[in-house]
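Data first, discussion second: the structure below is written as structure tokens.
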Amino acid sequence: MGVKFDKDEFKKSVADNLKVLYRKTVDEADKQQIFQAVSYSVKDIIMDRWLATQKTYEKEDVRTVVYMSMEFLMGRALGNNMINLTVYKDIKEALDEMGLDLNVIEDQEPDAALGNGGLGRLAACFLDSLATLGYPAYGCGIRYRYGMFKQQIKDGYQIEVPDNWLKDGNPFEIKRPEYSYEVKFGGYVRCYKDEDGRDKFVQEDYRSVIAVPYDMPVVGYGNNVVNTLIIWDAEPVNTFNLESFNKGDYHKAIEQENLAKNIVEVLYPNDNHYAGKELRLKQQYFFVSASIQRAIAKYKKTNSDIRKFHEKYVFQLNDTHPTVTVAELMRILMDEEGLNWEEAWEVTTHCCAYTNHTIMAEALEKWPIELFSRLLPRVYQIVEEINRRFVEELKVKYPGNQDKIRKMAVIYDGQVKMANLAIVAGFSVNGVAKLHTEILEKQELKDFYEMFPEKFNNKTNGITQRRFLLHGNPLLADWITGKIGDDWITDLSHLSRLKVYVDDEKCQREFMQIKYQNKLRLAKYIKENNGVEVDPRSVFDVQVKRLHEYKRQLLNILHVMYLYNQLKANPDLDIPAQTFIFGAKAAAGYKIAKLINNVADVINNDPAIKGRLKVVFIENYRVSNAEIIFAAADVSEQISTASKEASGTGNMKFMLNGALTLGTMDGANVEIVQEVGEDNAVIFGLTSDEVIRYENEGGYDPMEIFNNDQDVRTVLMQLINGEYCRENPEMFRDIYNSLLHNDGGRRADTYFILKDFRAYADAHRKMLDKYKDEKGWAKSAMLNVACAGKFSSDRTIEEYVRDIWKLDKVKVEVSDED
Ligand code: AZC
């Protein structure tokens with residue numbers, strides 16, 4: 001079932017688009033214009049399928065999941081859409097014949113960077129899998145004017161540059177003003193009796209904005225299904241009739257105009273961190289309210305009884321960010337649809353499911369009552385009532401147990417606790433890897449697990465092989481298809497068929513040759529973008545992910561400093577040449593990027609080590625260059641402090657591309673090792689039980705390590721003796737202090753970097769020993785690919801469908817098929 005592709009028609013379509021959009025011929029158009037024209041031609045192919053899919057959903061009145069997320073880290077659309085329409089190679093050929101290079105065209109597209117890291121990218125992978133598996137689904141989020149900032153490195157520091165991704169227009173989106181909704185903020189709640197004597201609540205003297213949806217197509221692989229990602233823009237209510245306002249309203253009109261402008265202006269660039277800003281709560285309520293209004297309107301088109309809404313819709317809450325969904329749904333069902341509390345609660349508690357993505361305390365959302373109730377007065381009343389009823393329940397179940405109430409209440413200590421709200425009102429609570437879910441059940445959410453064990457379940461994360469292998473690593477994808485056929489594209493478990501080839505020396509050579517080609521491609525990228533020459537024959541040891549203390553980029557760079565010391569002391573050290581590659585955006589103010597860059601500067605310019613060690617910080621790490629990086633990696637650094645990384649998904653992308661994991665027993669690493677076997681990864685460091693035990697005991701004494709381990713001491717002293725910052729030897733004093741000294745409430749070496757250092761250095765040695773055994777390495781790398789089947793987001797989505805969403809697969813027919 002593929003798209004019927006007519007090459008000449010496609011070429012004509014591109015030329016026509018250039019004419020209509022820009023009054024230009026192919027020869028006259030610039031690269032961006034060509035990208036736009038090609039995208040419109042591809043969109044044209046998508047359109048029939050998109051229409052057909054939505055018609056089918058309507059006709060069959062399907063049950064639908066709405067994936068509610070503040071973040072969708074989609075990356076580029078053009079290449080992925082062509083891949084999933086199964087016309088990538090055809091279009092490449094057609095463009096070739098027109099004298100156009102598809103790679104160059106793809107490079108014109110800005111990444112849709114509407115997310116920070118793992119949580120946002122997971123949402124994007126899920127949409128891809130939902131469409132590919134043929135499940136009715138919407139993503140709902142925000143059309144930020146500025147997505148994740150662009151990162152430049154100046155003088156070793158990260159500079160954040162605004163990402164004006166919509167500047168040239170977004171060819172794939174469609175504005176749908178006819179489906180706009182009003183969203184209200186502030187004011188007060190007036191209560192009156194209606195003609196039947198029932199209490200009615202209305203919000204008065206509010207400020208409001210109009211939520212205007214833009215639809216983005218989500219193309220399923222080879223199945224005609226095109227789902228929709230709805231991203232909401234905000235427009236002022238009254239731009240066009242300012243004149244009609246009297247003097248009193250003028251001020252309000254301006255306020256509303258500003259509200260609309262500000263609300264979708266920018267994505268908060270925080271990963272695993274809650275900043276508590278008022279505007280953030282506005283963003284959350286804005287897209288939640290609009291999305292629910294849309295779902296209800298859609299439901300009412302084909303259904304008459306709102307009491308059965310939950311039979312057709314399920315909202316998956318991507319972390320607590322959209323948790324206000326439960327209260328907003330209650331509000332609409334009661335205040336606008338006329339249900340009573342019990343009826344509305346019955347619907348809501350069968351509609352909402354919550355995914356937890358982190359146990360990091362600083363990520364827990366808690367809104368001050370004052371802020372919450374001022375911004376959302378009616379919604380707050382409802383949250384209060386949910387809390388009142390829940391606390392009553394707690395008092396019955398745990399009489400006299402004030403501690404339970406303190407920990408479990410939705411409102412406590414002047415704050416609205418969003419996770420508690422999601423758990424109380426949701427019918428499902430899931431973690432994102434086996435270990436993570438266990439920690440939720442046994443530690444973080446223990447009380448809730450005891451009270452509602454039936455709500456808890458695990459859904460180990462996954463990634464889409466369509467983007468991270470088929471598109472990102474075409475050489476390997478073709479090789480795999482040559483060996484085992486192309487079923488893996490829609491069923492990744494088929495990769496296990498590669499196992500019969502792992503001992504075959506010819507296959508090993510082919511496989512390593514592909515890795516080498518991908519390393520050349522990355523080396524070229526690094527040369528062009530970072531101006532650093534790297535040796536494609538060296539080991540590519542890669543850590544790419546958000547910069548965060550718990551992810552321990554610091555451990556990695558301290559180890560590089562140690563290696564450098566070893567190499568200087570012993571120039572004949574018999575180890576392979578290594579390139580340490582970093583890529584990461586940081587929340588503003590985190591200084592570790594500067595350390596990495598300064599270390600890179602010193603090491604890369606030291607002729608004494610003869611190029612055996614290189615360090616590269618790839619600027620502006622994002623989805624599009626990630627695809628190139630994963631394909632080229634030999635070693636995958638997954639070194640978070642055990643218990644802290646809920647799952648990780650980069651770890652899976654590396655594995656799928658044949659890199660060996662060097663990691664802790666954390667998140668999904670545990671399951672990766674289980675799949676690939678302990679011989680084909682290197683595991684080190686404290687276990688999560690050990691970490692948790694130390695934490696409960698108030699930490700450990702890093703001074704002991706400092707005093708007894710000469711190598712560690714040397715490295716630490718180099719942080720404060722100017723070795724890596726001649727002009728300011730104090731530059732890294734903070735880092736040094738944080739590792740050795742308690743500071744107020746903060747434990748020294750909070751993330752057990754020194755504690756794990758030796759084990760980490762040993763793990764590196766072990767990895768290099770493996771690398772020296774060429775055949776053994778090739779076999780391990782191939783086994784990583786062969787055992788990656790479990791980590792497809794297709795598998796994850798099937799589990800969500802089976803256990804939580806209960807959707808039916810849909811078939812979509814289109815008339816132009818082969
Ligand atoms: C991330 C987790 O840190 C990561 O381990 C996981 O793979 C990813 O979600 C997808 O589940 N969590 C977040 O980004 N969380 C927040 C609140 O930002």
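Within each chain, counting starts at residue 1; across the structure tokens, chains are named A, B, ... in the order shown, with ligands numbered 1 upward in that order.
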
Query - Near-range 437-451 of chain A list (12 Å; only C-alpha atoms; drop same-chain fewer than 2 positions) as a ChimeraX atom specification - result: /A:355-361,364,390,393-394,397-398,403-410,419-426,428-435,453-461,642-647,666-668,688-689,692-693,696

**Report entry** Contacts of Tyr564 in chain A at 10 Å (only C-alpha atoms; same-chain gap of 5+ positions) as an MDAnalysis selection string
**Finding:** chainID A and resid 558:559 569:571 599 602:603 609 612:614 715

Writer output for current selection, all heavy atoms, as a short mmCIF file (atom, residue, chain, number, x, y, z; two decimals), in the first residue's frame:
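Result saved to selection-v8.cif:
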```cif
data_model
loop_
_atom_site.label_atom_id
_atom_site.label_comp_id
_atom_site.auth_asym_id
_atom_site.auth_seq_id
_atom_site.Cartn_x
_atom_site.Cartn_y
_atom_site.Cartn_z
N LEU A 558 35.59 15.47 33.62
CA LEU A 558 36.65 15.22 34.61
C LEU A 558 37.46 14.00 34.20
O LEU A 558 38.69 13.96 34.34
CB LEU A 558 36.07 15.01 36.02
CG LEU A 558 35.44 16.22 36.72
CD1 LEU A 558 34.86 15.81 38.08
CD2 LEU A 558 36.42 17.38 36.88
N HIS A 559 36.78 13.01 33.69
CA HIS A 559 37.49 11.81 33.22
C HIS A 559 38.39 12.13 32.01
O HIS A 559 39.50 11.61 31.90
CB HIS A 559 36.52 10.69 32.89
CG HIS A 559 37.18 9.51 32.26
ND1 HIS A 559 37.14 9.27 30.90
CD2 HIS A 559 37.96 8.52 32.79
CE1 HIS A 559 37.87 8.18 30.64
NE2 HIS A 559 38.36 7.71 31.76
N ALA A 569 51.64 12.02 30.94
CA ALA A 569 52.62 11.36 31.79
C ALA A 569 53.23 10.15 31.08
O ALA A 569 54.37 9.79 31.31
CB ALA A 569 51.97 10.92 33.11
N ASN A 570 52.42 9.54 30.22
CA ASN A 570 52.88 8.32 29.56
C ASN A 570 52.49 8.35 28.09
O ASN A 570 51.48 7.75 27.69
CB ASN A 570 52.25 7.12 30.29
CG ASN A 570 52.67 5.81 29.67
OD1 ASN A 570 53.49 5.79 28.74
ND2 ASN A 570 52.12 4.72 30.18
N PRO A 571 53.29 9.02 27.27
CA PRO A 571 52.93 9.21 25.86
C PRO A 571 52.81 7.90 25.09
O PRO A 571 52.22 7.88 24.03
CB PRO A 571 54.08 10.06 25.32
CG PRO A 571 54.78 10.63 26.50
CD PRO A 571 54.56 9.69 27.62
N VAL A 599 38.48 22.86 28.32
CA VAL A 599 39.26 21.62 28.29
C VAL A 599 39.55 21.25 26.83
O VAL A 599 40.68 20.89 26.47
CB VAL A 599 38.53 20.48 29.03
CG1 VAL A 599 39.22 19.14 28.79
CG2 VAL A 599 38.46 20.78 30.53
N VAL A 602 42.40 23.38 25.36
CA VAL A 602 43.75 22.99 25.80
C VAL A 602 44.17 21.69 25.13
O VAL A 602 45.25 21.59 24.54
CB VAL A 602 43.78 22.85 27.34
CG1 VAL A 602 45.11 22.22 27.79
CG2 VAL A 602 43.58 24.21 28.00
N ILE A 603 43.31 20.69 25.21
CA ILE A 603 43.67 19.36 24.70
C ILE A 603 43.86 19.36 23.19
O ILE A 603 44.84 18.83 22.67
CB ILE A 603 42.62 18.32 25.13
CG1 ILE A 603 42.65 18.13 26.65
CG2 ILE A 603 42.84 16.99 24.41
CD1 ILE A 603 41.68 17.10 27.19
N ILE A 609 50.30 15.29 22.61
CA ILE A 609 49.53 14.04 22.64
C ILE A 609 49.19 13.55 21.24
O ILE A 609 48.44 12.59 21.07
CB ILE A 609 48.25 14.17 23.50
CG1 ILE A 609 47.42 15.37 23.04
CG2 ILE A 609 48.58 14.30 24.97
CD1 ILE A 609 46.01 15.32 23.57
N ARG A 612 45.83 12.11 19.84
CA ARG A 612 45.21 10.87 20.33
C ARG A 612 43.98 11.14 21.19
O ARG A 612 43.25 10.22 21.56
CB ARG A 612 46.23 10.06 21.11
CG ARG A 612 47.30 9.49 20.16
CD ARG A 612 48.46 8.95 20.91
NE ARG A 612 48.07 7.80 21.71
CZ ARG A 612 48.80 7.34 22.72
NH1 ARG A 612 49.91 7.93 23.06
NH2 ARG A 612 48.39 6.28 23.39
N LEU A 613 43.78 12.40 21.48
CA LEU A 613 42.63 12.78 22.28
C LEU A 613 42.08 14.08 21.71
O LEU A 613 42.84 15.02 21.48
CB LEU A 613 43.10 13.00 23.73
CG LEU A 613 42.06 13.06 24.83
CD1 LEU A 613 41.21 11.81 24.82
CD2 LEU A 613 42.77 13.20 26.18
N LYS A 614 40.81 14.09 21.42
CA LYS A 614 40.15 15.31 20.95
C LYS A 614 38.86 15.46 21.74
O LYS A 614 38.23 14.47 22.13
CB LYS A 614 39.81 15.21 19.46
CG LYS A 614 40.98 15.52 18.51
CD LYS A 614 41.05 16.99 18.15
CE LYS A 614 42.37 17.41 17.53
NZ LYS A 614 42.51 17.04 16.12
N VAL A 715 43.12 16.07 39.22
CA VAL A 715 42.08 16.63 38.35
C VAL A 715 41.34 17.77 39.06
O VAL A 715 41.11 18.83 38.48
CB VAL A 715 41.10 15.52 37.91
CG1 VAL A 715 39.85 16.12 37.28
CG2 VAL A 715 41.78 14.56 36.93
#
```

Query raised in the report: Looking at only C-alpha atoms and all ligand atoms, which of A:Asn518, A:Ser304, A:Asn272, A:Asn223 is the one that sits closest to ligand 1?
Result: A:Asn272

Query raised in the report: Which one of A:Val14, A:Ile797, A:Cys787, A:Met148 sits closest to Ala586 in chain A if you count only C-alpha atoms?
Result: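 Comparing A:Val14, A:Ile797, A:Cys787, A:Met148 against Ala586 in chain A, the winner is A:Met148.
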
Requested in this report: as a ChimeraX atom specification, list the residues of range 30-229 of chain A assigned to alpha helix (DSSP H) by DSSP on the backbone atoms of this structure.
Outcome: /A:31-60,78-84,88-97,102-106,118-133

Requested in this report: Excluding range 508-513 of chain A and any residue of its chain fewer than 3 positions from it, enumerate the residues within 6 Å of it, using only C-alpha atoms, and give them as number ranges by chain.
Outcome: A: 505, 516, 778

Requested in this report: For range 230-239 of chain A, list every protein, DNA or RNA residue within 6 Å, evaluated using only C-alpha atoms, and leave out those in the same chain fewer than 5 positions away; present the list as a PyMOL selection string.
Outcome: chain A and resi 139-143+209-215+256-257+260

Requested write-out: C-alpha atoms of the selected residues, as a tab-separated table (two decimals), in the first residue's frame:
```
chain	number	residue	atom	x	y	z
A	139	GLY	CA	-1.44	15.87	19.71
A	140	CYS	CA	-2.37	19.15	21.38
A	141	GLY	CA	0.21	21.77	22.25
A	142	ILE	CA	1.29	25.35	21.78
A	143	ARG	CA	2.52	27.12	18.67
A	209	VAL	CA	-7.77	35.53	24.37
A	210	ILE	CA	-8.83	33.65	21.30
A	211	ALA	CA	-7.08	30.32	20.82
A	212	VAL	CA	-6.58	29.71	17.11
A	213	PRO	CA	-5.48	26.23	16.05
A	214	TYR	CA	-2.89	25.37	13.45
A	215	ASP	CA	-2.97	21.79	12.20
A	256	GLN	CA	-5.99	41.53	26.25
A	257	GLU	CA	-3.85	42.32	23.26
A	260	ALA	CA	-2.46	37.23	23.53
```

Give me, as a tab-separated table, the closest atom pair and its distance (Å, one decimal) for every residue of range 276-364 of chain A within a cut-off of 12 Å of range 175-183 of chain A, counting only C-alpha atoms, rows sorted by chain and rising number.
```
residue	atom	partner	partner_atom	distance
A:Lys282	CA	A:Val183	CA	9.9
A:Gln283	CA	A:Val183	CA	10.7
A:Gln284	CA	A:Val183	CA	11.3
A:Tyr285	CA	A:Val183	CA	8.3
A:Phe286	CA	A:Val183	CA	6.2
A:Phe287	CA	A:Val183	CA	8.7
A:Val288	CA	A:Val183	CA	9.5
A:Ser289	CA	A:Val183	CA	6.6
A:Ala290	CA	A:Tyr181	CA	5.9
A:Ser291	CA	A:Tyr181	CA	9.0
A:Ile292	CA	A:Tyr181	CA	10.0
A:Gln293	CA	A:Tyr181	CA	7.2
A:Arg294	CA	A:Tyr179	CA	7.3
A:Ala295	CA	A:Tyr179	CA	10.7
A:Ile296	CA	A:Tyr181	CA	11.7
A:Ala297	CA	A:Tyr179	CA	9.3
A:Lys298	CA	A:Tyr179	CA	10.0
A:Glu328	CA	A:Val183	CA	10.9
A:Ile332	CA	A:Val183	CA	11.9
```

Dump as a compact mmCIF listing (two decimals), in the first residue's frame, selection limited to C-alpha atoms:
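Once everything was written out, this is result_27.txt:
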```txt
# COMPACT_ATOMS: atom_id res chain seq x y z
CA LYS A 282 -1.27 30.84 31.67
CA GLN A 283 0.28 28.84 28.85
CA GLN A 284 -0.84 25.61 30.45
CA TYR A 285 -4.43 26.66 30.97
CA PHE A 286 -4.57 28.31 27.57
CA PHE A 287 -3.82 25.21 25.53
CA VAL A 288 -5.65 22.85 27.87
CA SER A 289 -8.88 24.82 27.78
CA ALA A 290 -8.79 25.24 24.02
CA SER A 291 -8.01 21.56 23.45
CA ILE A 292 -10.83 20.36 25.67
CA GLN A 293 -13.30 22.76 24.09
CA ARG A 294 -12.29 21.42 20.70
CA ALA A 295 -12.66 17.79 21.79
CA ILE A 296 -16.08 18.40 23.27
CA ALA A 297 -17.30 20.26 20.20
CA LYS A 298 -16.09 17.42 18.03
CA GLU A 328 -11.11 22.43 33.32
CA ILE A 332 -16.96 22.64 31.27
```

Requested in this report: Write down as a ChimeraX atom specification the residues belonging to range 381-526 of chain A that are assigned strand (DSSP E) by DSSP computed on the backbone.
Outcome: /A:411-412,415-417,428-431,456-458

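For the atom pair formed by CA of Ile306 in chain A and CA of Lys55 in chain A, the distance is 22.1 Å, given to one decimal.
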
Report task. Counting only C-alpha atoms and all ligand atoms, figure out which residue out of A:Phe630, A:Trp805, A:Phe791, A:Tyr412 gets nearest to ligand 1. Result ->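 When distances to ligand 1 are compared using only C-alpha atoms and all ligand atoms, the smallest one comes from A:Phe791.
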
**Report entry** Distance query Arg331 in chain A at most 12 Å, only C-alpha atoms, self and fewer than 6 positions along chain excluded, as a VMD selection string
**Finding:** chain A and resid 200 to 203 289 292 to 293 324 to 325 337 to 341 343 to 345 347 to 348 376 to 383 385 to 386

With N, CA, C and O atoms retained, could you export that selection as a short mmCIF file (atom, residue, chain, number, x, y, z; two decimals), in the first residue's frame?
```
data_model
loop_
_atom_site.label_atom_id
_atom_site.label_comp_id
_atom_site.auth_asym_id
_atom_site.auth_seq_id
_atom_site.Cartn_x
_atom_site.Cartn_y
_atom_site.Cartn_z
N LYS A 200 -25.51 28.39 39.62
CA LYS A 200 -24.76 28.59 38.36
C LYS A 200 -23.56 29.46 38.68
O LYS A 200 -23.64 30.39 39.48
N PHE A 201 -22.46 29.14 38.04
CA PHE A 201 -21.24 29.91 38.29
C PHE A 201 -20.78 30.56 36.99
O PHE A 201 -20.66 29.88 35.98
N VAL A 202 -20.57 31.84 37.05
CA VAL A 202 -20.01 32.50 35.86
C VAL A 202 -18.82 33.37 36.24
O VAL A 202 -18.78 33.98 37.30
N GLN A 203 -17.85 33.36 35.34
CA GLN A 203 -16.64 34.16 35.52
C GLN A 203 -16.94 35.55 34.98
O GLN A 203 -17.43 35.68 33.86
N SER A 289 -7.48 24.43 27.95
CA SER A 289 -8.88 24.82 27.78
C SER A 289 -9.30 24.73 26.32
O SER A 289 -10.35 24.18 25.98
N ILE A 292 -9.64 21.05 25.16
CA ILE A 292 -10.83 20.36 25.67
C ILE A 292 -12.08 20.89 24.96
O ILE A 292 -12.97 20.11 24.57
N GLN A 293 -12.14 22.20 24.80
CA GLN A 293 -13.30 22.76 24.09
C GLN A 293 -13.43 22.15 22.70
O GLN A 293 -14.53 21.81 22.24
N VAL A 324 -4.06 20.69 34.68
CA VAL A 324 -5.24 21.53 34.89
C VAL A 324 -6.41 21.00 34.02
O VAL A 324 -7.58 21.36 34.22
N THR A 325 -6.10 20.12 33.10
CA THR A 325 -7.11 19.42 32.31
C THR A 325 -8.24 18.86 33.18
O THR A 325 -9.42 18.98 32.84
N GLU A 337 -22.08 22.27 30.32
CA GLU A 337 -22.87 21.15 29.83
C GLU A 337 -23.96 20.73 30.82
O GLU A 337 -24.75 19.83 30.53
N GLY A 338 -23.95 21.34 32.01
CA GLY A 338 -25.05 21.14 32.95
C GLY A 338 -25.02 19.85 33.75
O GLY A 338 -26.02 19.47 34.37
N LEU A 339 -23.90 19.14 33.77
CA LEU A 339 -23.83 17.94 34.61
C LEU A 339 -23.67 18.33 36.08
O LEU A 339 -23.19 19.42 36.38
N ASN A 340 -24.08 17.43 36.98
CA ASN A 340 -23.78 17.69 38.39
C ASN A 340 -22.39 17.14 38.73
O ASN A 340 -21.74 16.52 37.90
N TRP A 341 -21.96 17.39 39.97
CA TRP A 341 -20.58 17.03 40.34
C TRP A 341 -20.30 15.55 40.07
O TRP A 341 -19.30 15.19 39.45
N GLU A 343 -21.73 13.34 38.19
CA GLU A 343 -21.71 12.98 36.77
C GLU A 343 -20.41 13.45 36.10
O GLU A 343 -19.77 12.72 35.35
N ALA A 344 -20.05 14.68 36.41
CA ALA A 344 -18.84 15.24 35.80
C ALA A 344 -17.59 14.48 36.28
O ALA A 344 -16.66 14.22 35.51
N TRP A 345 -17.60 14.13 37.54
CA TRP A 345 -16.45 13.41 38.12
C TRP A 345 -16.31 12.02 37.49
O TRP A 345 -15.22 11.56 37.18
N VAL A 347 -17.17 11.15 34.47
CA VAL A 347 -16.58 11.32 33.14
C VAL A 347 -15.09 11.63 33.25
O VAL A 347 -14.24 10.97 32.63
N THR A 348 -14.77 12.62 34.07
CA THR A 348 -13.38 13.10 34.16
C THR A 348 -12.43 11.99 34.60
O THR A 348 -11.36 11.81 34.02
N LEU A 376 -7.16 31.69 37.76
CA LEU A 376 -8.20 30.74 37.34
C LEU A 376 -9.22 30.57 38.46
O LEU A 376 -9.30 29.51 39.08
N PRO A 377 -10.00 31.63 38.71
CA PRO A 377 -10.84 31.61 39.92
C PRO A 377 -11.85 30.46 39.95
O PRO A 377 -12.02 29.82 40.99
N ARG A 378 -12.48 30.18 38.86
CA ARG A 378 -13.49 29.12 38.86
C ARG A 378 -12.82 27.74 38.92
O ARG A 378 -13.24 26.85 39.65
N VAL A 379 -11.76 27.60 38.16
CA VAL A 379 -11.02 26.32 38.16
C VAL A 379 -10.48 26.04 39.56
O VAL A 379 -10.51 24.91 40.04
N TYR A 380 -10.04 27.10 40.23
CA TYR A 380 -9.53 26.90 41.59
C TYR A 380 -10.60 26.39 42.53
O TYR A 380 -10.36 25.49 43.34
N GLN A 381 -11.82 26.95 42.40
CA GLN A 381 -12.92 26.45 43.25
C GLN A 381 -13.09 24.94 43.07
O GLN A 381 -13.33 24.20 44.02
N ILE A 382 -12.97 24.52 41.83
CA ILE A 382 -13.16 23.10 41.54
C ILE A 382 -12.03 22.26 42.13
O ILE A 382 -12.26 21.20 42.72
N VAL A 383 -10.81 22.78 42.02
CA VAL A 383 -9.68 22.06 42.62
C VAL A 383 -9.88 21.95 44.13
O VAL A 383 -9.62 20.91 44.73
N GLU A 385 -12.66 21.82 45.71
CA GLU A 385 -13.69 20.83 46.00
C GLU A 385 -13.15 19.41 45.80
O GLU A 385 -13.45 18.50 46.58
N ILE A 386 -12.32 19.23 44.77
CA ILE A 386 -11.69 17.91 44.56
C ILE A 386 -10.87 17.58 45.81
O ILE A 386 -10.92 16.47 46.34
#
```

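You will find CA of Ile618 in chain A at 7.7 Å from CA of Ala584 in chain A.
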
Skip Asp541 in chain A itself and residues of its chain fewer than 4 positions away, then list as a compact mmCIF listing (two decimals) with N, CA, C and O atoms, in the first residue's frame all residues within 8 Å of it, counting only C-alpha atoms.
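Contents of the output file out_18.txt:
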```txt
# COMPACT_ATOMS: atom_id res chain seq x y z
N GLN A 578 40.95 8.68 20.76
CA GLN A 578 39.55 8.88 21.13
C GLN A 578 39.08 10.31 20.86
O GLN A 578 39.83 11.26 21.09
N THR A 579 37.85 10.43 20.41
CA THR A 579 37.23 11.74 20.27
C THR A 579 36.02 11.79 21.21
O THR A 579 35.11 10.97 21.08
N PHE A 580 36.05 12.70 22.15
CA PHE A 580 34.93 12.85 23.08
C PHE A 580 34.02 13.96 22.56
O PHE A 580 34.45 15.10 22.41
N ILE A 581 32.81 13.56 22.26
CA ILE A 581 31.87 14.50 21.64
C ILE A 581 30.75 14.83 22.61
O ILE A 581 30.11 13.93 23.16
N ALA A 633 28.16 7.23 16.23
CA ALA A 633 28.73 6.98 17.56
C ALA A 633 29.23 5.55 17.71
O ALA A 633 28.61 4.61 17.23
N ASP A 634 30.37 5.42 18.40
CA ASP A 634 30.84 4.10 18.82
C ASP A 634 30.38 3.82 20.26
O ASP A 634 29.93 2.73 20.56
N VAL A 635 30.57 4.82 21.12
CA VAL A 635 30.25 4.64 22.53
C VAL A 635 29.17 5.64 22.95
O VAL A 635 29.25 6.82 22.63
N SER A 636 28.18 5.14 23.64
CA SER A 636 27.04 5.94 24.08
C SER A 636 27.15 6.18 25.58
O SER A 636 27.09 5.24 26.38
N GLU A 637 27.36 7.42 25.95
CA GLU A 637 27.53 7.77 27.37
C GLU A 637 26.16 7.99 28.04
O GLU A 637 25.45 8.94 27.72
```

Requested in this report: Have a look at A:Gly99, A:Gly134, A:Gly187, A:Pro322 and name the one nearest to ligand 1; count only C-alpha atoms and all ligand atoms.
Outcome: A:Pro322

Query raised in the report: If we count only C-alpha atoms, what is near Thr481 in chain A at a cut-off of 12 Å, once residues fewer than 6 positions away on the same chain are taken out, given as a ChimeraX atom specification?
Result: /A:469-470,474-475,487-489,492,494-495,497-498

Report task. Can you work out which one of A:Ser624, A:Thr641, A:Asn227, A:Gln553 has the shortest atom-to-atom distance to Trp50 in chain A, counting only C-alpha atoms? Result ->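 With only C-alpha atoms as the atom set, the closest residue is A:Asn227.
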